[in-house]
Amino acid sequence: MSEILQPQQSDAQLKNYDQLKETFHWDDIHSVFSWHETGNVNMAYECIDRHVDDGRGDHPALRYADSSREETYTFADLKGATNQAAHMFRRLEVAKGDRVFIFMPRSPELYISLLGAIKAGAVAGPLFEAFMNEAVRSRLEDSEASTIVTTPELLERIPYTDLPHLNKIILVGDQVPQDGPFYSYFNEMKASPTTDDAIEWVSLEDGMILHYTSGSTGKPKGVYHVHHAMIQHYQTAKWVLDLHEDDVFWCTADPGWVTGTSYGIFGPWLNGVTNIVRGGRFSPDDWYHTIEKQRVTVWYSAPTAFRMLMAAPKEIIEKYDLSSLRHILSVGEPLNPEVVRWGWEVFGLRIHDTWWMTETGAMLICNYPSEPIKPGSMGKPIPGVHAAIIDDQGKELPPNEMGNLAVQTGWPAQMRKIWKNETKFNEYFSIPGWYISGDTAFRDEDGYFWFQGRNDDVIVTAGERVGPFEIESKLVEHPSVAEAGVIGKPDEMRGHIIKAFIAVRDGYEHSDELKEEIRSYIKNELSAHSVPREIEFKETLPKTRSGKIMRRVLKAWELDEPAGDLSTMDDN
Ligand code: PRX
């Protein structure tokens with residue numbers, strides 16, 4: 001019998017969960033959006049401008065802070081700035097449906113550019129600032145992006161001369177080269193009016209954002225989302241984040257990842273709340289300082305961050321007044337009951353787990369402030385969503401049996417395609433009527449879902465999803481590497497760490513120096529979060545007869561478990 005914690009918040013916005021599960025339909029909430037009356041659809045307008053129309057233009061929308069900058073923007077300020085950005089993109093001939101990438105550290109300009117691109121009818125492509133040349137190139141190449149907004153510091157990571165489609169580079173900074181496809185963000189913005197005539201009215205099914213994410217094979221996939229997703233962003237931010245108009249909300253994720261857009265931009269702003277953005281890196285002091293200073297009421301973060309806070313000396317937390325917090329949530333990896341207990345001890349609040357994916361676009365299975373939670377469980381599906389555990393033939397399994405975590409298709413924020421890769425897209429829907437998540441889980445007799453693992457080789461490390469293939473491909477480009485296989489190794493702090501098994505070429509030593517060299521090579525070519533924290537040299541790696549590295553066997557080696565069926569293994 002698992003532990004059950006009773007809800008703390010009797011005034012939460014999700015009421016009558018059991019009844020809503022039976023009766024709610026997404027169409028029921030269309031009337032809250034301005035397009036319901038006007039017919040004019042645009043996510044960015046709905047996030048920003050409509051609050052100005054509703055007389056809340058003076059309400060703080062964005063409070064940004066890092067070690068050198070602190071700024072507040074009201075909804076009226078953001079309306080003007082995102083209109084200017086939309087004019088800028090139009091003047092630079094960005095057309096509806098064009099891919100506009102945003103590659104820069106968190107800053108007000110990032111948020112303004114992203115919403116400005118969406119206002120102009122473009123499909124925004126956010127790229128995490130830590131990406132290095134190869135990671136940047138493959139995403140820009142695949143998406144055929146025409147325009148990128150970046151900083152002069154990051155410019156050297158964009159191989160633009162090899163990217164024929166990329167012909168406008170907008171630089172947020174003072175040093176803008178005279179020759180080439182360069183434009184100054186600040187000059188272009190200055191030259192743009194704040195009027196709203198640059199807004200492109202789209203249809204709910206038009207493209208809005210493209211998030212690249214990793215699978216277990218092949219290059220990163222461009223997960224394509226449309227404006228329709230706003231219906232679910234809005235409603236889950238009410239039911240699950242429990243946002244009220246006067247809340248101060250902080251989502252710690254970077255917009256390079258889906259959490260940082262769905263709930264770092266759309267969910268909170270569709271609900272008209274003050275959104276906190278903190279620039280810079282993680283530090284317990286900075287984070288607690290942010291909560292205290294900004295009087296954060298609702299906080300959305302990830303288990304690895306909570307575990308790092310948990311591991312920090314107690315004196316740090318005791319310095320801060322964190323009493324503004326009302327509601328805390330988590331996403332991205334399994335939330336250990338231990339972390340939930342720590343949250344209760346130090347904040348006097350439960351940490352609420354939420355489950356979803358880049359592909360699902362928005363939350364699907366969650367713990368709610370109005371419902372009991374079972375620590376260790378991801379919670380129950382939101383009203384309007386039917387999730388189940390199914391076998392490989394699509395049969396729903398009874399309670400407590402482990403199987404594929406699947407969701408009945410048709411929720412509003414569901415991805416609409418994988419960019420230029422219909423085959424990959426169809427793989428998710430190989431069982432008619434279902435979206436197959438790639439996670440394994442079971443559901444208990446009360447309808448709570450319990451995460452068990454991935455059933456492919458995708459690695460979730462520190463809440464970030466990494467594909468082994470991209471790292472392996474890069475590893476074998478290093479002159480010393482003959483073969484490489486990459487797996488996730490369980491780790492107390494980060495959930496999993498990346499471990500690489502490597503067979504070196506003749507003439508190379510199995511040395512610590514070589515390991516270090518390989519690590520910095522991956523860091524420079526791909527990104528810091530793709531670096532294998534552990535490297536183990538092997539004489540040869542287990543392969544199938546067709547030459548594919550068997551990660552399953554590597555995992556079994558690592559965990560000291562039986563390797564299972566080896567009939568396809570090449571034993572030479
Ligand atoms: O394995 C699941 C894990 O993260 C994967 C999705 O990663 P990504 O697309 O990067 O999205 C992360 C945040 C939306 C899932 O297939 N995952 C996500 N949330 C949870 C989780 N694993 C356990 N518990 C969760 N709450």
# chains A, B, ... in the order shown; residues from 1 in each chain; ligands from 1

call {"tool": "residues_around", "arguments": {"residues": "Asp444 of chain A", "least_positions_apart": "3", "cutoff": "6 Å", "atoms": "only C-alpha atoms", "output": "PyMOL selection string"}}
result
chain A and resi 399-400+447-448

call {"tool": "residues_near_ligand", "arguments": {"ligand": "ligand 1", "cutoff": "7 Å", "atoms": "only C-alpha atoms and all ligand atoms", "output": "PyMOL selection string"}}
result
chain A and resi 213+257-259+330-335+353-359+378+437-439+451+453-454+460+463-465

call {"tool": "write_last_selection", "arguments": {"atoms": "C-alpha atoms", "output": "CSV table (one decimal), in the first residue's frame"}}
result
chain,number,residue,atom,x,y,z
A,213,THR,CA,14.5,16.4,-29.6
A,257,TRP,CA,13.6,22.8,-24.1
A,258,VAL,CA,9.8,22.3,-24.5
A,259,THR,CA,9.1,23.0,-20.8
A,330,SER,CA,8.3,19.0,-11.1
A,331,VAL,CA,8.8,17.5,-14.6
A,332,GLY,CA,11.3,15.7,-16.8
A,333,GLU,CA,12.3,12.6,-14.9
A,334,PRO,CA,11.0,10.5,-12.1
A,335,LEU,CA,10.4,12.4,-8.9
A,353,ASP,CA,4.9,15.6,-10.4
A,354,THR,CA,3.8,16.1,-14.0
A,355,TRP,CA,4.4,13.9,-17.0
A,356,TRP,CA,4.6,14.8,-20.6
A,357,MET,CA,7.0,15.0,-23.5
A,358,THR,CA,8.3,17.3,-26.3
A,359,GLU,CA,5.9,15.4,-28.6
A,378,MET,CA,3.2,10.8,-11.8
A,437,SER,CA,5.2,7.3,-25.7
A,438,GLY,CA,8.2,5.0,-25.5
A,439,ASP,CA,7.9,5.0,-21.7
A,451,PHE,CA,6.8,5.5,-14.4
A,453,GLY,CA,11.6,3.5,-17.6
A,454,ARG,CA,12.1,4.1,-21.3
A,460,VAL,CA,17.1,11.4,-19.8
A,463,GLY,CA,15.9,16.2,-16.9
A,464,GLU,CA,17.3,16.7,-20.4
A,465,ARG,CA,16.8,14.2,-23.2

call {"tool": "select_by_dssp", "arguments": {"residues": "segment 432-469 of chain A", "states": "strand (DSSP E or B)", "output": "list in words"}}
result
Trp434, Tyr435, Ile436, Ser437, Gly438, Asp439, Thr440, Ala441, Phe442, Arg443, Phe449, Trp450, Phe451, Gln452, Gly453, Arg454, Ile459, Val460, Thr461, Glu464, Arg465 and Val466 of chain A

call {"tool": "write_last_selection", "arguments": {"atoms": "N, CA and C atoms", "output": "PDB file, in the first residue's frame"}}
result
ATOM      1  N   TRP A 434      -3.829   5.220 -30.911  1.00  0.00           N
ATOM      2  CA  TRP A 434      -2.946   5.493 -29.767  1.00  0.00           C
ATOM      3  C   TRP A 434      -1.682   6.231 -30.170  1.00  0.00           C
ATOM      4  N   TYR A 435      -1.219   7.061 -29.245  1.00  0.00           N
ATOM      5  CA  TYR A 435       0.127   7.620 -29.308  1.00  0.00           C
ATOM      6  C   TYR A 435       0.980   6.779 -28.360  1.00  0.00           C
ATOM      7  N   ILE A 436       2.071   6.224 -28.854  1.00  0.00           N
ATOM      8  CA  ILE A 436       2.932   5.376 -28.013  1.00  0.00           C
ATOM      9  C   ILE A 436       4.110   6.225 -27.535  1.00  0.00           C
ATOM     10  N   SER A 437       4.215   6.373 -26.229  1.00  0.00           N
ATOM     11  CA  SER A 437       5.173   7.336 -25.674  1.00  0.00           C
ATOM     12  C   SER A 437       6.623   6.857 -25.681  1.00  0.00           C
ATOM     13  N   GLY A 438       6.816   5.528 -25.665  1.00  0.00           N
ATOM     14  CA  GLY A 438       8.188   5.017 -25.500  1.00  0.00           C
ATOM     15  C   GLY A 438       8.552   4.842 -24.034  1.00  0.00           C
ATOM     16  N   ASP A 439       7.674   5.261 -23.133  1.00  0.00           N
ATOM     17  CA  ASP A 439       7.887   5.016 -21.704  1.00  0.00           C
ATOM     18  C   ASP A 439       7.142   3.744 -21.303  1.00  0.00           C
ATOM     19  N   THR A 440       7.678   3.053 -20.294  1.00  0.00           N
ATOM     20  CA  THR A 440       6.911   1.961 -19.706  1.00  0.00           C
ATOM     21  C   THR A 440       6.437   2.401 -18.329  1.00  0.00           C
ATOM     22  N   ALA A 441       5.275   1.912 -17.957  1.00  0.00           N
ATOM     23  CA  ALA A 441       4.666   2.338 -16.700  1.00  0.00           C
ATOM     24  C   ALA A 441       3.603   1.330 -16.313  1.00  0.00           C
ATOM     25  N   PHE A 442       3.033   1.482 -15.109  1.00  0.00           N
ATOM     26  CA  PHE A 442       1.792   0.758 -14.793  1.00  0.00           C
ATOM     27  C   PHE A 442       0.822   1.724 -14.141  1.00  0.00           C
ATOM     28  N   ARG A 443      -0.429   1.314 -14.106  1.00  0.00           N
ATOM     29  CA  ARG A 443      -1.460   2.141 -13.503  1.00  0.00           C
ATOM     30  C   ARG A 443      -2.014   1.362 -12.322  1.00  0.00           C
ATOM     31  N   PHE A 449      -0.643   6.683 -12.256  1.00  0.00           N
ATOM     32  CA  PHE A 449       0.367   6.096 -13.146  1.00  0.00           C
ATOM     33  C   PHE A 449       1.743   6.141 -12.488  1.00  0.00           C
ATOM     34  N   TRP A 450       2.487   5.054 -12.683  1.00  0.00           N
ATOM     35  CA  TRP A 450       3.827   4.914 -12.082  1.00  0.00           C
ATOM     36  C   TRP A 450       4.839   4.656 -13.180  1.00  0.00           C
ATOM     37  N   PHE A 451       5.759   5.580 -13.330  1.00  0.00           N
ATOM     38  CA  PHE A 451       6.796   5.486 -14.366  1.00  0.00           C
ATOM     39  C   PHE A 451       7.775   4.361 -14.055  1.00  0.00           C
ATOM     40  N   GLN A 452       8.139   3.569 -15.078  1.00  0.00           N
ATOM     41  CA  GLN A 452       9.105   2.487 -14.858  1.00  0.00           C
ATOM     42  C   GLN A 452      10.397   2.666 -15.647  1.00  0.00           C
ATOM     43  N   GLY A 453      10.330   3.329 -16.786  1.00  0.00           N
ATOM     44  CA  GLY A 453      11.563   3.491 -17.565  1.00  0.00           C
ATOM     45  C   GLY A 453      11.240   3.788 -19.018  1.00  0.00           C
ATOM     46  N   ARG A 454      12.280   3.913 -19.831  1.00  0.00           N
ATOM     47  CA  ARG A 454      12.094   4.080 -21.270  1.00  0.00           C
ATOM     48  C   ARG A 454      12.178   2.693 -21.884  1.00  0.00           C
ATOM     49  N   ILE A 459      18.156   8.671 -23.482  1.00  0.00           N
ATOM     50  CA  ILE A 459      18.712   8.913 -22.148  1.00  0.00           C
ATOM     51  C   ILE A 459      18.117  10.212 -21.605  1.00  0.00           C
ATOM     52  N   VAL A 460      17.585  10.155 -20.394  1.00  0.00           N
ATOM     53  CA  VAL A 460      17.128  11.386 -19.752  1.00  0.00           C
ATOM     54  C   VAL A 460      18.121  11.685 -18.633  1.00  0.00           C
ATOM     55  N   THR A 461      18.944  12.708 -18.838  1.00  0.00           N
ATOM     56  CA  THR A 461      19.979  13.028 -17.857  1.00  0.00           C
ATOM     57  C   THR A 461      19.746  14.433 -17.335  1.00  0.00           C
ATOM     58  N   GLU A 464      17.183  16.379 -19.005  1.00  0.00           N
ATOM     59  CA  GLU A 464      17.315  16.695 -20.422  1.00  0.00           C
ATOM     60  C   GLU A 464      17.436  15.413 -21.223  1.00  0.00           C
ATOM     61  N   ARG A 465      16.816  15.465 -22.404  1.00  0.00           N
ATOM     62  CA  ARG A 465      16.752  14.249 -23.189  1.00  0.00           C
ATOM     63  C   ARG A 465      17.882  14.234 -24.199  1.00  0.00           C
ATOM     64  N   VAL A 466      18.622  13.145 -24.213  1.00  0.00           N
ATOM     65  CA  VAL A 466      19.789  13.057 -25.084  1.00  0.00           C
ATOM     66  C   VAL A 466      19.697  11.764 -25.884  1.00  0.00           C
TER      67      VAL A 466
END

call {"tool": "atom_distance", "arguments": {"atom1": "atom CA of Arg99 of chain A", "atom2": "atom CA of Pro193 of chain A"}}
result
22.8 Å

call {"tool": "atom_distance", "arguments": {"atom1": "atom CA of Ser301 of chain A", "atom2": "atom CA of Ser283 of chain A"}}
result
13.6 Å

call {"tool": "closest_residue", "arguments": {"among": "A:Asn421, A:Ser68, A:Thr274, A:Ser324", "to": "Asp247 of chain A", "atoms": "only C-alpha atoms"}}
result
A:Thr274

call {"tool": "closest_residue", "arguments": {"among": "A:Trp239, A:Tyr300, A:Tyr45, A:Trp557", "to": "Thr252 of chain A", "atoms": "only C-alpha atoms"}}
result
A:Tyr300

call {"tool": "residues_around", "arguments": {"residues": "Gly97 of chain A", "least_positions_apart": "4", "cutoff": "9 Å", "atoms": "only C-alpha atoms", "output": "list of chain:residue names"}}
result
A:Gly121, A:Ala122, A:Val123, A:Asp206, A:Gly207, A:Met208

call {"tool": "residues_around", "arguments": {"residues": "Pro108 of chain A", "least_positions_apart": "4", "cutoff": "9 Å", "atoms": "only C-alpha atoms", "output": "list in words"}}
result
Leu62, Arg63, Tyr64, Glu71, Tyr73, Ile112, Ser113 and Val277 of chain A

call {"tool": "select_by_dssp", "arguments": {"residues": "segment 242-483 of chain A", "states": "alpha helix (DSSP H)", "output": "ChimeraX atom specification"}}
result
/A:258-261,267-270,284-294,303-311,314-318,337-347,422-427,468-475

call {"tool": "closest_atom_pairs", "arguments": {"of": "segment 286-320 of chain A", "to": "segment 344-350 of chain A", "cutoff": "10 Å", "atoms": "only C-alpha atoms", "output": "JSON lines"}}
result
{"residue": "A:Met310", "atom": "CA", "partner": "A:Val346", "partner_atom": "CA", "distance": 9.4}
{"residue": "A:Lys314", "atom": "CA", "partner": "A:Val346", "partner_atom": "CA", "distance": 9.6}
{"residue": "A:Ile317", "atom": "CA", "partner": "A:Val346", "partner_atom": "CA", "distance": 8.3}
{"residue": "A:Glu318", "atom": "CA", "partner": "A:Val346", "partner_atom": "CA", "distance": 9.2}

call {"tool": "closest_residue", "arguments": {"among": "A:Cys366, A:Val240, A:Ile522, A:Ala76", "to": "Asp196 of chain A", "atoms": "only C-alpha atoms"}}
result
A:Ala76

call {"tool": "residues_around", "arguments": {"residues": "Val296 of chain A", "least_positions_apart": "4", "cutoff": "10 Å", "atoms": "only C-alpha atoms", "output": "number ranges by chain"}}
result
A: 247-250, 274-276, 288, 290-292, 322-327

call {"tool": "decode", "arguments": {"residues": "segment 387-437 of chain A", "atoms": "C-alpha atoms", "output": "PDB file, in the first residue's frame"}}
result
ATOM      1  CA  ALA A 387      -4.073   7.446 -21.016  1.00  0.00           C
ATOM      2  CA  ALA A 388      -3.626   3.706 -20.612  1.00  0.00           C
ATOM      3  CA  ILE A 389      -1.112   0.932 -20.323  1.00  0.00           C
ATOM      4  CA  ILE A 390      -1.278  -1.210 -23.424  1.00  0.00           C
ATOM      5  CA  ASP A 391       0.531  -4.273 -24.719  1.00  0.00           C
ATOM      6  CA  ASP A 392       2.312  -4.383 -28.079  1.00  0.00           C
ATOM      7  CA  GLN A 393      -0.943  -5.278 -29.834  1.00  0.00           C
ATOM      8  CA  GLY A 394      -2.836  -2.318 -28.375  1.00  0.00           C
ATOM      9  CA  LYS A 395      -4.806  -4.211 -25.724  1.00  0.00           C
ATOM     10  CA  GLU A 396      -5.361  -2.247 -22.510  1.00  0.00           C
ATOM     11  CA  LEU A 397      -3.756  -3.984 -19.559  1.00  0.00           C
ATOM     12  CA  PRO A 398      -5.390  -4.360 -16.153  1.00  0.00           C
ATOM     13  CA  PRO A 399      -4.173  -2.398 -13.083  1.00  0.00           C
ATOM     14  CA  ASN A 400      -0.639  -3.020 -11.821  1.00  0.00           C
ATOM     15  CA  GLU A 401       0.585  -4.648 -15.032  1.00  0.00           C
ATOM     16  CA  MET A 402       3.559  -2.987 -16.646  1.00  0.00           C
ATOM     17  CA  GLY A 403       3.380  -2.076 -20.334  1.00  0.00           C
ATOM     18  CA  ASN A 404       3.561   0.745 -22.873  1.00  0.00           C
ATOM     19  CA  LEU A 405       2.364   4.099 -21.636  1.00  0.00           C
ATOM     20  CA  ALA A 406      -0.010   5.237 -24.383  1.00  0.00           C
ATOM     21  CA  VAL A 407      -2.448   8.072 -24.873  1.00  0.00           C
ATOM     22  CA  GLN A 408      -5.571   8.149 -27.021  1.00  0.00           C
ATOM     23  CA  THR A 409      -4.857  10.518 -29.894  1.00  0.00           C
ATOM     24  CA  GLY A 410      -6.555  13.860 -30.323  1.00  0.00           C
ATOM     25  CA  TRP A 411      -5.492  16.108 -27.435  1.00  0.00           C
ATOM     26  CA  PRO A 412      -5.027  19.754 -28.519  1.00  0.00           C
ATOM     27  CA  ALA A 413      -1.253  20.140 -28.010  1.00  0.00           C
ATOM     28  CA  GLN A 414      -0.277  16.910 -29.760  1.00  0.00           C
ATOM     29  CA  MET A 415       2.559  17.334 -32.290  1.00  0.00           C
ATOM     30  CA  ARG A 416       1.305  17.585 -35.844  1.00  0.00           C
ATOM     31  CA  LYS A 417       4.392  16.245 -37.594  1.00  0.00           C
ATOM     32  CA  ILE A 418       8.051  15.448 -37.373  1.00  0.00           C
ATOM     33  CA  TRP A 419       9.667  17.927 -39.706  1.00  0.00           C
ATOM     34  CA  LYS A 420      10.344  16.263 -43.092  1.00  0.00           C
ATOM     35  CA  ASN A 421      10.136  12.805 -41.556  1.00  0.00           C
ATOM     36  CA  GLU A 422       6.772  11.168 -41.930  1.00  0.00           C
ATOM     37  CA  THR A 423       8.178   7.718 -41.209  1.00  0.00           C
ATOM     38  CA  LYS A 424       9.410   8.721 -37.775  1.00  0.00           C
ATOM     39  CA  PHE A 425       6.125  10.490 -37.079  1.00  0.00           C
ATOM     40  CA  ASN A 426       4.107   7.412 -37.994  1.00  0.00           C
ATOM     41  CA  GLU A 427       6.151   5.235 -35.658  1.00  0.00           C
ATOM     42  CA  TYR A 428       4.491   6.945 -32.689  1.00  0.00           C
ATOM     43  CA  PHE A 429       1.064   5.972 -34.005  1.00  0.00           C
ATOM     44  CA  SER A 430       1.746   2.417 -35.127  1.00  0.00           C
ATOM     45  CA  ILE A 431      -1.193   1.145 -33.061  1.00  0.00           C
ATOM     46  CA  PRO A 432      -4.361   2.771 -34.434  1.00  0.00           C
ATOM     47  CA  GLY A 433      -5.948   5.302 -32.093  1.00  0.00           C
ATOM     48  CA  TRP A 434      -2.946   5.493 -29.767  1.00  0.00           C
ATOM     49  CA  TYR A 435       0.127   7.620 -29.308  1.00  0.00           C
ATOM     50  CA  ILE A 436       2.932   5.376 -28.013  1.00  0.00           C
ATOM     51  CA  SER A 437       5.173   7.336 -25.674  1.00  0.00           C
TER      52      SER A 437
END
